[in-house]
>>> print(open('target-v4.csv').read())   # CSV, C-alpha atoms
chain,number,residue,atom,x,y,z
P,12,MET,CA,-13.5,-9.4,2.9
P,13,LEU,CA,-12.9,-6.0,1.3
P,14,LEU,CA,-14.0,-4.3,4.5
P,15,GLU,CA,-10.6,-5.2,5.8
P,16,TYR,CA,-9.2,-2.6,3.5
P,17,ALA,CA,-11.6,0.1,4.6
P,18,ALA,CA,-9.1,1.6,7.0
P,19,ILE,CA,-6.5,1.8,4.2
P,20,ALA,CA,-9.1,3.4,1.8
P,21,ALA,CA,-10.0,5.9,4.5
P,22,PHE,CA,-6.3,6.7,5.0
P,23,ILE,CA,-5.8,7.3,1.3
P,24,PHE,CA,-8.9,9.4,1.0
P,25,VAL,CA,-8.0,11.6,4.0
P,26,THR,CA,-4.4,12.0,2.6
P,27,ILE,CA,-5.8,13.2,-0.8
P,28,LEU,CA,-8.3,15.4,0.9
P,29,VAL,CA,-5.7,17.1,3.0
P,30,GLY,CA,-3.5,17.7,0.0
P,31,PHE,CA,-6.5,19.3,-1.9
P,32,ILE,CA,-7.5,21.4,1.1
P,33,ALA,CA,-3.9,22.7,1.5
P,34,ILE,CA,-3.8,23.7,-2.2
P,35,ILE,CA,-7.3,25.2,-2.3
P,36,LEU,CA,-6.7,27.3,0.9
P,37,GLY,CA,-3.5,28.6,-0.6
P,38,MET,CA,-5.2,29.5,-3.8
P,39,LEU,CA,-8.0,31.3,-2.0
P,40,PHE,CA,-6.1,33.2,0.7
P,41,GLY,CA,-2.5,33.3,-0.5
P,42,PRO,CA,-1.0,36.4,-2.2
P,43,LYS,CA,-0.5,35.8,-5.9
P,44,LYS,CA,2.7,37.9,-6.2
P,45,SER,CA,5.4,36.1,-8.1
P,46,THR,CA,9.0,37.0,-7.3
P,47,ASP,CA,12.3,35.6,-8.7
P,48,VAL,CA,13.0,33.9,-5.4
P,49,LYS,CA,9.6,32.2,-5.4
P,50,ALA,CA,10.0,30.9,-9.0
P,51,MET,CA,13.3,29.2,-8.1
P,52,PRO,CA,13.4,25.4,-8.2
P,53,TYR,CA,13.0,24.1,-4.6
P,54,GLU,CA,16.2,22.5,-3.3
P,55,SER,CA,15.5,22.0,0.4
P,56,GLY,CA,16.0,25.7,1.2
P,57,MET,CA,19.4,26.4,-0.3
P,58,ASN,CA,20.1,28.3,-3.5
P,59,PRO,CA,19.7,25.8,-6.4
P,60,ILE,CA,22.8,24.6,-8.1
P,61,GLY,CA,22.1,24.8,-11.9
P,62,PRO,CA,18.7,24.4,-13.6
P,63,GLY,CA,16.2,21.8,-12.3
P,64,THR,CA,16.2,19.8,-15.5
P,65,ARG,CA,19.9,19.1,-15.8
P,66,ARG,CA,21.1,15.5,-16.1
P,67,MET,CA,21.5,13.6,-13.0
P,68,PRO,CA,24.6,11.4,-12.4
P,69,VAL,CA,24.2,7.8,-13.2
P,70,ARG,CA,24.9,6.9,-9.5
P,71,PHE,CA,21.3,7.7,-8.6
P,72,TYR,CA,20.2,5.0,-11.1
P,73,LEU,CA,22.7,2.5,-9.8
P,74,ILE,CA,21.4,3.1,-6.2
P,75,ALA,CA,17.8,2.7,-7.4
P,76,VAL,CA,18.7,-0.6,-9.1
P,77,LEU,CA,20.5,-1.9,-6.0
P,78,PHE,CA,17.5,-0.8,-3.9
P,79,ILE,CA,15.0,-2.8,-6.1
P,80,LEU,CA,17.1,-5.9,-5.9
P,81,PHE,CA,17.4,-5.9,-2.1
P,82,ASP,CA,13.7,-4.8,-1.9
P,83,ILE,CA,12.8,-8.0,-3.8
P,84,GLU,CA,15.0,-10.0,-1.4
P,85,THR,CA,13.0,-8.6,1.5
P,86,VAL,CA,9.8,-9.6,-0.4
P,87,PHE,CA,11.0,-13.2,-0.4
P,88,LEU,CA,12.2,-13.0,3.3
P,89,LEU,CA,8.8,-11.9,4.6
P,90,PRO,CA,6.6,-15.0,3.9
P,91,TRP,CA,9.5,-17.2,4.9
P,92,ALA,CA,9.9,-15.5,8.2
P,93,ILE,CA,6.3,-16.0,9.1
P,94,VAL,CA,6.6,-19.8,8.8
P,95,PHE,CA,10.2,-19.9,9.9
P,96,ARG,CA,9.6,-21.8,13.1
P,97,LYS,CA,7.6,-24.5,11.5
P,98,LEU,CA,10.2,-25.1,8.7
P,99,GLY,CA,13.1,-25.9,11.0
P,100,VAL,CA,16.6,-26.4,9.8
P,101,PHE,CA,15.6,-27.2,6.2
P,102,GLY,CA,14.0,-23.8,5.8
P,103,LEU,CA,17.0,-22.1,7.4
P,104,VAL,CA,19.4,-23.8,4.9
P,105,GLU,CA,17.1,-22.8,2.0
P,106,MET,CA,17.2,-19.2,3.0
P,107,ALA,CA,20.9,-19.3,3.7
P,108,VAL,CA,21.6,-20.5,0.2
P,109,PHE,CA,19.4,-17.7,-1.2
P,110,ILE,CA,21.0,-15.0,0.8
P,111,ALA,CA,24.5,-16.4,0.2
P,112,ILE,CA,24.1,-16.1,-3.6
P,113,LEU,CA,22.9,-12.5,-3.2
P,114,LEU,CA,25.7,-11.8,-0.8
P,115,VAL,CA,28.2,-12.6,-3.7
P,116,GLY,CA,26.6,-9.7,-5.7
P,117,TYR,CA,26.6,-7.5,-2.6
P,118,ILE,CA,30.4,-8.0,-2.2
P,119,TYR,CA,30.9,-7.5,-5.9
P,120,ALA,CA,29.0,-4.2,-5.7
P,121,TRP,CA,31.0,-3.2,-2.6
P,122,LYS,CA,34.4,-4.0,-4.1
P,123,LYS,CA,33.5,-2.2,-7.3
P,124,GLY,CA,32.8,0.9,-5.2
P,125,ALA,CA,29.1,1.1,-6.2
P,126,LEU,CA,28.2,1.9,-2.7
P,127,GLU,CA,30.6,4.8,-2.4
P,128,TRP,CA,29.6,8.4,-3.3
P,129,ASP,CA,32.6,10.4,-4.3
U,5,MET,CA,-24.1,-5.2,-9.1
U,6,THR,CA,-22.2,-6.1,-5.9
U,7,ALA,CA,-19.8,-3.7,-4.2
U,8,GLU,CA,-16.9,-5.7,-5.5
U,9,GLN,CA,-18.0,-5.3,-9.1
U,10,ILE,CA,-18.4,-1.6,-8.7
U,11,LEU,CA,-15.0,-1.4,-7.1
U,12,PHE,CA,-13.6,-3.5,-10.0
U,13,LEU,CA,-15.1,-1.2,-12.6
U,14,LEU,CA,-13.8,1.9,-10.9
U,15,THR,CA,-10.4,0.4,-10.6
U,16,GLY,CA,-10.4,-0.6,-14.2
U,17,ALA,CA,-11.3,3.0,-15.2
U,18,LEU,CA,-8.5,4.3,-13.0
U,19,ILE,CA,-5.9,2.0,-14.6
U,20,LEU,CA,-7.1,2.6,-18.1
U,21,GLY,CA,-7.3,6.4,-17.6
U,22,SER,CA,-3.9,6.6,-16.0
U,23,ALA,CA,-2.3,4.3,-18.6
U,24,LEU,CA,-3.7,6.5,-21.4
U,25,MET,CA,-2.3,9.6,-19.7
U,26,VAL,CA,1.1,7.9,-19.5
U,27,VAL,CA,1.3,7.8,-23.3
U,28,ALA,CA,-0.6,11.0,-23.9
U,29,THR,CA,1.1,13.5,-21.6
U,30,ARG,CA,3.9,15.6,-23.1
U,31,LYS,CA,6.1,15.7,-20.0
U,32,LEU,CA,8.0,12.6,-19.2
U,33,LEU,CA,8.0,13.1,-15.5
U,34,HIS,CA,4.2,13.5,-15.5
U,35,ALA,CA,4.0,10.3,-17.4
U,36,ALA,CA,6.1,8.6,-14.7
U,37,LEU,CA,3.6,9.9,-12.1
U,38,TRP,CA,0.6,8.7,-14.0
U,39,LEU,CA,2.3,5.3,-14.2
U,40,VAL,CA,2.4,5.3,-10.4
U,41,ALA,CA,-1.4,5.8,-10.5
U,42,ALA,CA,-1.8,2.9,-12.9
U,43,LEU,CA,0.4,0.7,-10.8
U,44,PHE,CA,-1.6,1.6,-7.7
U,45,GLY,CA,-4.8,0.5,-9.6
U,46,VAL,CA,-3.2,-2.9,-10.2
U,47,ALA,CA,-2.5,-3.1,-6.4
U,48,ILE,CA,-6.2,-2.5,-5.8
U,49,LEU,CA,-7.0,-5.3,-8.3
U,50,TYR,CA,-4.8,-7.7,-6.3
U,51,ALA,CA,-6.7,-6.7,-3.1
U,52,ILE,CA,-10.0,-7.4,-4.8
U,53,LEU,CA,-8.6,-10.8,-5.8
U,54,GLN,CA,-7.8,-11.5,-2.1
U,55,ALA,CA,-4.1,-11.5,-2.8
U,56,SER,CA,-3.2,-9.1,0.0
U,57,PHE,CA,0.5,-9.9,0.1
U,58,LEU,CA,0.8,-9.3,-3.7
U,59,ALA,CA,-1.0,-6.0,-3.3
U,60,VAL,CA,1.5,-4.9,-0.7
U,61,VAL,CA,4.4,-6.1,-2.9
U,62,GLN,CA,2.9,-4.2,-5.8
U,63,VAL,CA,3.0,-1.0,-3.8
U,64,VAL,CA,6.4,-1.6,-2.2
U,65,VAL,CA,8.3,-2.9,-5.3
U,66,TYR,CA,6.5,-1.3,-8.2
U,67,ILE,CA,5.6,2.1,-6.8
U,68,GLY,CA,8.3,2.3,-4.2
U,69,ALA,CA,11.2,1.1,-6.3
U,70,ILE,CA,10.5,0.7,-10.0
U,71,ALA,CA,8.6,4.0,-10.4
U,72,ILE,CA,11.6,5.7,-8.7
U,73,LEU,CA,13.9,3.9,-11.1
U,74,PHE,CA,11.9,5.3,-14.1
U,75,ILE,CA,12.0,8.8,-12.6
U,76,PHE,CA,15.8,8.5,-12.3
U,77,ALA,CA,16.0,7.2,-15.8
U,78,VAL,CA,14.0,10.2,-17.1
U,79,MET,CA,16.3,12.5,-15.2
U,80,LEU,CA,19.4,10.9,-16.7
U,81,THR,CA,18.2,11.8,-20.2
U,82,ARG,CA,19.3,15.2,-21.5
U,83,ARG,CA,16.7,17.3,-23.3
U,84,GLU,CA,13.9,14.8,-23.8
U,85,MET,CA,12.0,16.1,-20.7
U,86,ARG,CA,9.7,18.3,-22.8
U,87,ASP,CA,8.7,16.9,-26.2
U,88,GLN,CA,7.4,19.4,-28.6
U,89,GLY,CA,6.9,17.2,-31.7
U,90,GLN,CA,3.7,15.9,-33.2
U,91,GLN,CA,2.0,13.3,-30.9
U,92,THR,CA,0.1,11.4,-33.6
U,93,ARG,CA,0.9,10.1,-37.0
U,94,THR,CA,-1.4,10.1,-40.0
U,95,ASN,CA,-1.8,6.3,-39.9
U,96,TRP,CA,-2.6,6.1,-36.2
U,97,TRP,CA,-5.9,4.4,-37.0
U,98,ILE,CA,-4.1,1.4,-38.4
U,99,ALA,CA,-2.5,0.9,-35.0
U,100,ALA,CA,-5.8,1.4,-33.2
U,101,LEU,CA,-7.4,-1.1,-35.5
U,102,LEU,CA,-4.6,-3.6,-34.9
U,103,GLY,CA,-4.9,-3.1,-31.2
U,104,LEU,CA,-8.7,-3.7,-31.3
U,105,LEU,CA,-8.1,-6.9,-33.4
U,106,ILE,CA,-5.6,-8.2,-30.9
U,107,LEU,CA,-8.0,-7.4,-28.0
U,108,ALA,CA,-10.8,-9.3,-29.9
U,109,GLY,CA,-8.5,-12.2,-30.4
U,110,LEU,CA,-7.6,-12.3,-26.7
U,111,VAL,CA,-11.2,-12.1,-25.6
U,112,PHE,CA,-12.1,-14.9,-28.0
U,113,LEU,CA,-9.3,-17.0,-26.7
U,114,ILE,CA,-10.1,-16.4,-23.0
U,115,LEU,CA,-13.8,-17.2,-23.6
U,116,ALA,CA,-12.8,-20.5,-25.3
U,117,VAL,CA,-11.2,-21.7,-22.0
U,118,PRO,CA,-13.8,-23.8,-20.1
U,119,GLY,CA,-15.1,-22.0,-17.0
U,120,ALA,CA,-13.8,-18.6,-18.1
U,121,ASP,CA,-17.3,-17.1,-17.7
U,122,ARG,CA,-17.7,-18.2,-14.1
U,123,LEU,CA,-16.4,-16.4,-11.1
U,124,PRO,CA,-13.6,-18.3,-9.2
U,125,ALA,CA,-14.6,-19.7,-5.9
U,126,ALA,CA,-13.8,-17.5,-2.9
U,127,LEU,CA,-10.8,-18.6,-0.8
U,128,PRO,CA,-11.6,-20.7,2.2
U,129,GLU,CA,-12.3,-18.8,5.3
U,130,GLY,CA,-9.3,-18.3,7.6
U,131,LEU,CA,-6.7,-19.2,4.9
U,132,ASP,CA,-3.5,-17.3,5.6
U,133,THR,CA,-2.2,-16.6,2.1
U,134,VAL,CA,1.2,-15.3,3.3
U,135,ARG,CA,1.8,-18.4,5.4
U,136,ALA,CA,0.8,-20.6,2.5
U,137,LEU,CA,3.2,-18.7,0.3
U,138,GLY,CA,6.0,-19.1,2.8
U,139,ASN,CA,5.5,-22.8,3.0
U,140,ALA,CA,5.3,-23.1,-0.8
U,141,LEU,CA,8.6,-21.2,-1.2
U,142,VAL,CA,10.7,-23.7,0.7
U,143,SER,CA,8.9,-27.0,0.2
U,144,PRO,CA,10.6,-29.3,-2.3
U,145,GLU,CA,7.2,-30.2,-3.8
U,146,ALA,CA,6.4,-26.6,-4.6
U,147,TYR,CA,8.6,-23.7,-5.5
U,148,VAL,CA,12.0,-24.3,-3.9
U,149,LEU,CA,13.8,-24.5,-7.2
U,150,PRO,CA,12.3,-21.3,-8.7
U,151,PHE,CA,12.9,-19.6,-5.4
U,152,GLU,CA,16.7,-20.4,-5.4
U,153,VAL,CA,16.9,-19.7,-9.2
U,154,ALA,CA,15.4,-16.3,-8.4
U,155,SER,CA,18.4,-15.5,-6.3
U,156,VAL,CA,20.7,-16.2,-9.3
U,157,LEU,CA,18.5,-13.9,-11.4
U,158,LEU,CA,18.8,-11.2,-8.8
U,159,LEU,CA,22.6,-11.7,-8.7
U,160,ALA,CA,22.9,-11.4,-12.5
U,161,ALA,CA,20.8,-8.2,-12.4
U,162,LEU,CA,23.0,-6.8,-9.6
U,163,VAL,CA,26.3,-7.6,-11.2
U,164,GLY,CA,25.0,-6.3,-14.6
U,165,ALA,CA,23.8,-3.0,-13.1
U,166,VAL,CA,27.1,-2.5,-11.2
U,167,TYR,CA,29.2,-3.3,-14.2
U,168,ILE,CA,27.3,-1.1,-16.7
U,169,ALA,CA,27.0,1.8,-14.4
U,170,SER,CA,30.6,1.9,-13.4
U,171,VAL,CA,32.0,1.7,-17.0
U,172,GLY,CA,34.8,4.2,-17.6
U,173,LYS,CA,35.6,4.5,-13.9
U,174,LYS,CA,39.0,3.3,-12.7
U,175,ASP,CA,38.9,0.6,-10.1
>>> encode(input="target-v4.csv", output="structure tokens")
Amino acid sequence: MLLEYAAIAAFIFVTILVGFIAIILGMLFGPKKSTDVKAMPYESGMNPIGPGTRRMPVRFYLIAVLFILFDIETVFLLPWAIVFRKLGVFGLVEMAVFIAILLVGYIYAWKKGALEWD
Amino acid sequence: MTAEQILFLLTGALILGSALMVVATRKLLHAALWLVAALFGVAILYAILQASFLAVVQVVVYIGAIAILFIFAVMLTRREMRDQGQQTRTNWWIAALLGLLILAGLVFLILAVPGADRLPAALPEGLDTVRALGNALVSPEAYVLPFEVASVLLLAALVGAVYIASVGKKD
């Protein structure tokens, strides 16, 4: 039974291994000179705006909460979708009610401007 | 010992060790990352229990979403990122003693349940747990009411989050 997970385990093991190899090779062969530019917080290549530990706007948090909620909706959708054909109209109505209730919240978030980033 | 028992013990050690690091590390962001390790250990536990769907949900929802939420929450706080204060109090042993007492009580309670010392029977061969879950979610004899109520709960959380986070903004 657990052998079904062997591929996932191997994948995780190789991922960790590659990470360690990259760090160890860098430690062994890389130059250890520290410059101001190197010590900068990494911000996708551009010069960082402000310190790395500044407060983030609350919008990130809001987006994360919205993501969780729709993530959970997907979790409910998946097992339903697998047996969808067998359930027929009844199953379709059940899921329509479920999604309709969540759609109310989605419209509320939309109207409140929670999905905008200004 | 079977392979499953060894895996269970290793996973338990991973969860306990990571959970300890969550409360012991001084940097909040590191604590959040250790929490990810602990949550992943729980996903392995689900896999050992043959609950493959739950294991995937654990990774997708808890590691993929809730851990991210924690990290954002940490980044929202101002100067609490590096805590320099004392990490223990002089009466920490009372808390440890209480914790052990509660653990002993829980173990006692669980052992009192008939059949708690036996292993649960393995799932029948070829049972598709995701399919069974999908059927149970919409069948009136099973979980259709909790399933629909769950959408109301999600709606409440959604409206609450949007309302709180957009306070002070003109609309």
>>> closest_residue(input="target-v4.csv", among="U:Phe74, U:Gln90, U:Asp132, U:Lys31", to="Ala75 (chain P)", atoms="only C-alpha atoms")
U:Phe74
>>> closest_atom_pairs(input="target-v4.csv", of="chain P", to="chain U", cutoff="8 Å", atoms="all atoms listed in the file", output="JSON lines")
{"residue": "P:Met12", "atom": "CA", "partner": "U:Gln54", "partner_atom": "CA", "distance": 7.9}
{"residue": "P:Leu13", "atom": "CA", "partner": "U:Ile52", "partner_atom": "CA", "distance": 6.9}
{"residue": "P:Thr64", "atom": "CA", "partner": "U:Met79", "partner_atom": "CA", "distance": 7.3}
{"residue": "P:Arg65", "atom": "CA", "partner": "U:Arg82", "partner_atom": "CA", "distance": 6.9}
{"residue": "P:Arg66", "atom": "CA", "partner": "U:Leu80", "partner_atom": "CA", "distance": 4.9}
{"residue": "P:Met67", "atom": "CA", "partner": "U:Leu80", "partner_atom": "CA", "distance": 5.0}
{"residue": "P:Pro68", "atom": "CA", "partner": "U:Leu80", "partner_atom": "CA", "distance": 6.8}
{"residue": "P:Val69", "atom": "CA", "partner": "U:Leu80", "partner_atom": "CA", "distance": 6.7}
{"residue": "P:Arg70", "atom": "CA", "partner": "U:Ala169", "partner_atom": "CA", "distance": 7.4}
{"residue": "P:Phe71", "atom": "CA", "partner": "U:Phe76", "partner_atom": "CA", "distance": 6.7}
{"residue": "P:Tyr72", "atom": "CA", "partner": "U:Phe76", "partner_atom": "CA", "distance": 5.7}
{"residue": "P:Leu73", "atom": "CA", "partner": "U:Ala169", "partner_atom": "CA", "distance": 6.3}
{"residue": "P:Ala75", "atom": "CA", "partner": "U:Leu73", "partner_atom": "CA", "distance": 5.5}
{"residue": "P:Val76", "atom": "CA", "partner": "U:Leu73", "partner_atom": "CA", "distance": 6.9}
{"residue": "P:Leu77", "atom": "CA", "partner": "U:Leu162", "partner_atom": "CA", "distance": 6.6}
{"residue": "P:Phe78", "atom": "CA", "partner": "U:Ala69", "partner_atom": "CA", "distance": 7.0}
{"residue": "P:Ile79", "atom": "CA", "partner": "U:Ala69", "partner_atom": "CA", "distance": 5.4}
{"residue": "P:Leu80", "atom": "CA", "partner": "U:Leu158", "partner_atom": "CA", "distance": 6.3}
{"residue": "P:Asp82", "atom": "CA", "partner": "U:Val65", "partner_atom": "CA", "distance": 6.7}
{"residue": "P:Ile83", "atom": "CA", "partner": "U:Val65", "partner_atom": "CA", "distance": 7.0}
{"residue": "P:Val86", "atom": "CA", "partner": "U:Val61", "partner_atom": "CA", "distance": 6.9}
{"residue": "P:Leu89", "atom": "CA", "partner": "U:Gly138", "partner_atom": "CA", "distance": 7.9}
{"residue": "P:Pro90", "atom": "CA", "partner": "U:Gly138", "partner_atom": "CA", "distance": 4.3}
{"residue": "P:Trp91", "atom": "CA", "partner": "U:Gly138", "partner_atom": "CA", "distance": 4.5}
{"residue": "P:Ala92", "atom": "CA", "partner": "U:Gly138", "partner_atom": "CA", "distance": 7.6}
{"residue": "P:Ile93", "atom": "CA", "partner": "U:Arg135", "partner_atom": "CA", "distance": 6.3}
{"residue": "P:Val94", "atom": "CA", "partner": "U:Arg135", "partner_atom": "CA", "distance": 6.0}
{"residue": "P:Leu98", "atom": "CA", "partner": "U:Asn139", "partner_atom": "CA", "distance": 7.7}
{"residue": "P:Gly102", "atom": "CA", "partner": "U:Val142", "partner_atom": "CA", "distance": 6.1}
{"residue": "P:Glu105", "atom": "CA", "partner": "U:Val142", "partner_atom": "CA", "distance": 6.6}
{"residue": "P:Val108", "atom": "CA", "partner": "U:Glu152", "partner_atom": "CA", "distance": 7.4}
{"residue": "P:Phe109", "atom": "CA", "partner": "U:Ser155", "partner_atom": "CA", "distance": 5.6}
{"residue": "P:Ile110", "atom": "CA", "partner": "U:Ser155", "partner_atom": "CA", "distance": 7.6}
{"residue": "P:Ile112", "atom": "CA", "partner": "U:Ser155", "partner_atom": "CA", "distance": 6.3}
{"residue": "P:Leu113", "atom": "CA", "partner": "U:Leu159", "partner_atom": "CA", "distance": 5.6}
{"residue": "P:Val115", "atom": "CA", "partner": "U:Leu159", "partner_atom": "CA", "distance": 7.6}
{"residue": "P:Gly116", "atom": "CA", "partner": "U:Leu159", "partner_atom": "CA", "distance": 5.4}
{"residue": "P:Tyr117", "atom": "CA", "partner": "U:Leu162", "partner_atom": "CA", "distance": 7.9}
{"residue": "P:Tyr119", "atom": "CA", "partner": "U:Val163", "partner_atom": "CA", "distance": 7.0}
{"residue": "P:Ala120", "atom": "CA", "partner": "U:Val166", "partner_atom": "CA", "distance": 6.1}
{"residue": "P:Lys123", "atom": "CA", "partner": "U:Asp175", "partner_atom": "CA", "distance": 6.7}
{"residue": "P:Gly124", "atom": "CA", "partner": "U:Asp175", "partner_atom": "CA", "distance": 7.8}
{"residue": "P:Ala125", "atom": "CA", "partner": "U:Val166", "partner_atom": "CA", "distance": 6.5}
>>> residues_around(input="target-v4.csv", residues="Leu18 (chain U)", least_positions_apart="6", cutoff="12 Å", atoms="only C-alpha atoms", output="ChimeraX atom specification")
/U:11-12,24-25,38-49
>>> residues_around(input="target-v4.csv", residues="region 91-105 of chain U", least_positions_apart="3", cutoff="8 Å", atoms="all atoms listed in the file", output="ChimeraX atom specification")
/U:28,108-109
>>> atom_distance(input="target-v4.csv", atom1="CA of Trp128 (chain P)", atom2="CA of Met51 (chain P)")
26.9 Å
>>> atom_distance(input="target-v4.csv", atom1="CA of Met106 (chain P)", atom2="CA of Trp121 (chain P)")
21.9 Å
>>> atom_distance(input="target-v4.csv", atom1="CA of Leu131 (chain U)", atom2="CA of Ala55 (chain U)")
11.2 Å
>>> closest_residue(input="target-v4.csv", among="U:Val111, U:Tyr147, U:Gln88, U:Ala116", to="Thr29 (chain U)", atoms="all atoms listed in the file")
U:Gln88
>>> build_atoms(input="target-v4.csv", residues="region 138-158 of chain U", atoms="N, CA and C atoms", output="short mmCIF file (atom, residue, chain, number, x, y, z; two decimals), in the coordinates of the input")
data_model
loop_
_atom_site.label_atom_id
_atom_site.label_comp_id
_atom_site.auth_asym_id
_atom_site.auth_seq_id
_atom_site.Cartn_x
_atom_site.Cartn_y
_atom_site.Cartn_z
N GLY U 138 4.76 -18.75 2.18
CA GLY U 138 6.00 -19.10 2.80
C GLY U 138 6.32 -20.55 2.82
N ASN U 139 5.28 -21.36 3.05
CA ASN U 139 5.50 -22.80 3.00
C ASN U 139 5.82 -23.27 1.60
N ALA U 140 5.12 -22.69 0.61
CA ALA U 140 5.30 -23.10 -0.80
C ALA U 140 6.73 -22.77 -1.26
N LEU U 141 7.28 -21.65 -0.74
CA LEU U 141 8.60 -21.20 -1.20
C LEU U 141 9.71 -22.15 -0.88
N VAL U 142 9.61 -22.84 0.24
CA VAL U 142 10.70 -23.70 0.70
C VAL U 142 10.44 -25.16 0.64
N SER U 143 9.19 -25.53 0.25
CA SER U 143 8.90 -27.00 0.20
C SER U 143 9.35 -27.56 -1.10
N PRO U 144 10.02 -28.72 -1.08
CA PRO U 144 10.60 -29.30 -2.30
C PRO U 144 9.46 -29.64 -3.33
N GLU U 145 8.22 -29.91 -2.85
CA GLU U 145 7.20 -30.20 -3.80
C GLU U 145 6.67 -29.00 -4.53
N ALA U 146 6.95 -27.82 -3.98
CA ALA U 146 6.40 -26.60 -4.60
C ALA U 146 7.47 -25.79 -5.27
N TYR U 147 7.81 -24.65 -4.73
CA TYR U 147 8.60 -23.70 -5.50
C TYR U 147 10.01 -23.50 -5.01
N VAL U 148 10.63 -24.50 -4.44
CA VAL U 148 12.00 -24.30 -3.90
C VAL U 148 12.98 -23.99 -4.98
N LEU U 149 12.86 -24.69 -6.11
CA LEU U 149 13.80 -24.50 -7.20
C LEU U 149 13.66 -23.08 -7.81
N PRO U 150 12.42 -22.67 -8.21
CA PRO U 150 12.30 -21.30 -8.70
C PRO U 150 12.75 -20.26 -7.70
N PHE U 151 12.54 -20.55 -6.42
CA PHE U 151 12.90 -19.60 -5.40
C PHE U 151 14.45 -19.43 -5.36
N GLU U 152 15.20 -20.56 -5.44
CA GLU U 152 16.70 -20.40 -5.40
C GLU U 152 17.17 -19.86 -6.75
N VAL U 153 16.49 -20.23 -7.86
CA VAL U 153 16.90 -19.70 -9.20
C VAL U 153 16.69 -18.16 -9.16
N ALA U 154 15.64 -17.70 -8.46
CA ALA U 154 15.40 -16.30 -8.40
C ALA U 154 16.56 -15.52 -7.83
N SER U 155 17.27 -16.14 -6.88
CA SER U 155 18.40 -15.50 -6.30
C SER U 155 19.53 -15.30 -7.34
N VAL U 156 19.67 -16.32 -8.23
CA VAL U 156 20.70 -16.20 -9.30
C VAL U 156 20.30 -15.08 -10.25
N LEU U 157 18.99 -15.00 -10.56
CA LEU U 157 18.50 -13.90 -11.40
C LEU U 157 18.82 -12.56 -10.83
N LEU U 158 18.54 -12.42 -9.53
CA LEU U 158 18.80 -11.20 -8.80
C LEU U 158 20.30 -10.85 -8.86
#
